[in-house]
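Visitor: First, the structure itself, so that you have it in front of you.
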Amino acid sequence: QVQLVESGGGSVQAGGSLRLSCALSGYTYNTRYIGWFRQAPGKEREGVATIAPGGGTTLYGDSVKGRFTISQNSAKNTVYLQMDALKPEDTAMYYCAAKTSYSSINSWLIASNFDYWGQGTQVTVSS
């Protein structure tokens, strides 16, 4: 079992920044990828960014490329999502998730491929 706890959400004006944190605990040794996803009311869960902790390879969703940065602190078992130039359409509940099996990069932003999930943290961007 892997436990994930998100923090850092809040309310911000358009153009502002937030940094989300995802703290991992439990059997993290077999975690192959950590992803950030988001879900707005009435919409499907969307892949935002994923990192492979072993090699540091990252993948971003098209809507956040150039604005969001995923990173890790292995010593703290924590993954971050730095969100800059925020837009009202970024408003959503943000979740981090862990995947324990290797897969092609094409699947790194598909929510159904991830095994463990946190409870989420709300991000609200006002215009």
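For the structure tokens, the naming scheme is as follows: chains receive sequential letters (A, B, ...) according to their order of presentation, residues are indexed from 1 within each chain, and ligands are indexed from 1 in presentation order.
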Contacts of Lys65 in chain A at 10 Å or less, counting only C-alpha atoms, minus same-chain residues fewer than 4 places along, as a list in words?
Guide: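 The residues that qualify are Val48, Ala49, Leu59, Tyr60, Gly61 and Thr69 of chain A.
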Visitor: So that I have them on file, write out the residues from the current selection with N, CA, C and O atoms, as a compact mmCIF listing (two decimals), in the first residue's frame.
Guide:
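What ended up in result14.txt:
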```txt
# COMPACT_ATOMS: atom_id res chain seq x y z
N VAL A 48 -2.41 15.95 -15.62
CA VAL A 48 -1.72 17.23 -15.64
C VAL A 48 -0.23 17.05 -15.89
O VAL A 48 0.35 17.66 -16.79
N ALA A 49 0.41 16.20 -15.07
CA ALA A 49 1.84 15.98 -15.19
C ALA A 49 2.21 14.69 -14.47
O ALA A 49 1.59 14.35 -13.47
N LEU A 59 6.30 14.23 -18.04
CA LEU A 59 5.35 14.37 -19.14
C LEU A 59 4.27 15.33 -18.68
O LEU A 59 3.81 15.25 -17.54
N TYR A 60 3.85 16.25 -19.56
CA TYR A 60 2.85 17.25 -19.20
C TYR A 60 1.67 17.19 -20.15
O TYR A 60 1.81 16.89 -21.34
N GLY A 61 0.51 17.51 -19.61
CA GLY A 61 -0.66 17.68 -20.46
C GLY A 61 -0.53 18.95 -21.30
O GLY A 61 0.12 19.91 -20.87
N THR A 69 5.30 22.86 -13.53
CA THR A 69 6.53 22.08 -13.44
C THR A 69 6.38 21.04 -12.34
O THR A 69 6.07 21.39 -11.20
```
Visitor: Determine which residues of range 61-109 of chain A receive a DSSP assignment of strand (DSSP E), computed from the backbone, and state them as a list in words.
Guide: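 After running DSSP on the backbone, range 61-109 of chain A has strand (DSSP E) at Phe68, Thr69, Ile70, Ser71, Gln72, Asn73, Thr78, Val79, Tyr80, Leu81, Gln82, Met83, Ala92, Met93, Tyr94, Tyr95, Cys96, Ala97, Ala98 and Lys99 of chain A.
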Visitor: For Thr121 in chain A, find every residue with an atom within 8 Å (counting only C-alpha atoms), except residues of its own chain fewer than 4 positions away, and show them as number ranges by chain.
Guide: A: 6-10, 93-95
Visitor: Store the residues picked out above in a file with N, CA and C atoms, as a PDB file, in the first residue's frame.
Guide:
```pdb
ATOM      1  N   GLU A   6      -1.950  15.221  -0.340  1.00  0.00           N
ATOM      2  CA  GLU A   6      -1.712  16.476  -1.048  1.00  0.00           C
ATOM      3  C   GLU A   6      -1.875  17.667  -0.108  1.00  0.00           C
ATOM      4  N   SER A   7      -1.172  18.736  -0.431  1.00  0.00           N
ATOM      5  CA  SER A   7      -1.321  19.995   0.291  1.00  0.00           C
ATOM      6  C   SER A   7      -0.917  21.136  -0.627  1.00  0.00           C
ATOM      7  N   GLY A   8      -1.248  22.357  -0.215  1.00  0.00           N
ATOM      8  CA  GLY A   8      -0.810  23.534  -0.950  1.00  0.00           C
ATOM      9  C   GLY A   8      -1.862  24.198  -1.802  1.00  0.00           C
ATOM     10  N   GLY A   9      -3.051  23.623  -1.864  1.00  0.00           N
ATOM     11  CA  GLY A   9      -4.100  24.253  -2.649  1.00  0.00           C
ATOM     12  C   GLY A   9      -4.587  25.538  -1.999  1.00  0.00           C
ATOM     13  N   GLY A  10      -5.397  26.276  -2.738  1.00  0.00           N
ATOM     14  CA  GLY A  10      -5.943  27.518  -2.213  1.00  0.00           C
ATOM     15  C   GLY A  10      -6.573  28.341  -3.312  1.00  0.00           C
ATOM     16  N   MET A  93     -10.205  20.284  -8.435  1.00  0.00           N
ATOM     17  CA  MET A  93      -9.600  19.512  -7.356  1.00  0.00           C
ATOM     18  C   MET A  93      -8.392  18.812  -7.966  1.00  0.00           C
ATOM     19  N   TYR A  94      -7.256  18.954  -7.306  1.00  0.00           N
ATOM     20  CA  TYR A  94      -6.017  18.358  -7.797  1.00  0.00           C
ATOM     21  C   TYR A  94      -5.669  17.144  -6.942  1.00  0.00           C
ATOM     22  N   TYR A  95      -5.340  16.051  -7.621  1.00  0.00           N
ATOM     23  CA  TYR A  95      -5.007  14.797  -6.962  1.00  0.00           C
ATOM     24  C   TYR A  95      -3.621  14.339  -7.388  1.00  0.00           C
TER      25      TYR A  95
END
```
Visitor: Pick from A:Ala92, A:Asp84, A:Ala97, A:Ala75: nearest to Gly42 in chain A, with only C-alpha atoms counted?
Guide: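 For Gly42 in chain A, the nearest of the given residues is A:Ala92.
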Visitor: List the spatial neighbours of Gly26 in chain A as a PyMOL selection string - criterion: any atom at most 7 Å away, only C-alpha atoms, same-chain residues fewer than 2 positions off excluded.
Guide: chain A and resi 1-3+28
Visitor: Out of A:Ala14, A:Val64, A:Leu24, A:Ile51, which residue has the shortest atom-to-atom distance to Lys87 in chain A when counting only C-alpha atoms?
Guide: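 Selected residue with least distance to Lys87 in chain A: A:Ala14.
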Visitor: Quick one: residues within 10 Å of Ala40 in chain A, only C-alpha atoms counted, chain neighbours fewer than 4 positions away excluded, as a list in words?
Guide: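 Near Ala40 in chain A, the qualifying residues are Glu44, Arg45, Glu46, Glu89, Asp90, Thr91, Ala92, Met93, Tyr94, Gln122 and Val123 of chain A.
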Visitor: Which one is closest to Ser103 in chain A: A:Gln72, A:Thr78, A:Leu18, A:Tyr33? Count only C-alpha atoms.
Guide: A:Tyr33
Visitor: Please report the interatomic distance between CA of Gln39 in chain A and CA of Ala23 in chain A in Å with one decimal.
Guide: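 Separation of CA of Gln39 in chain A and CA of Ala23 in chain A: 19.7 Å.
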Visitor: Within 6 Å of range 113-118 of chain A, counting only C-alpha atoms, which residues qualify if same-chain residues fewer than 5 places away don't, as a PDB file with C-alpha atoms, in the first residue's frame?
Guide:
```pdb
ATOM      1  CA  LEU A   4      -0.446   9.973  -0.664  1.00  0.00           C
ATOM      2  CA  VAL A   5      -1.334  13.279   0.962  1.00  0.00           C
ATOM      3  CA  TYR A  95      -5.007  14.797  -6.962  1.00  0.00           C
ATOM      4  CA  CYS A  96      -1.688  13.005  -6.891  1.00  0.00           C
ATOM      5  CA  ALA A  97      -1.492   9.328  -7.731  1.00  0.00           C
ATOM      6  CA  ALA A  98       1.053   6.533  -7.783  1.00  0.00           C
ATOM      7  CA  LYS A  99       1.546   3.829 -10.377  1.00  0.00           C
TER       8      LYS A  99
END
```
Visitor: Give the helix (DSSP H, G or I) residues of range 22-119 of chain A, as DSSP finds them on the backbone, and put them as number ranges by chain.
Guide: A: 28-30, 74-76, 88-90, 105-107, 111-113
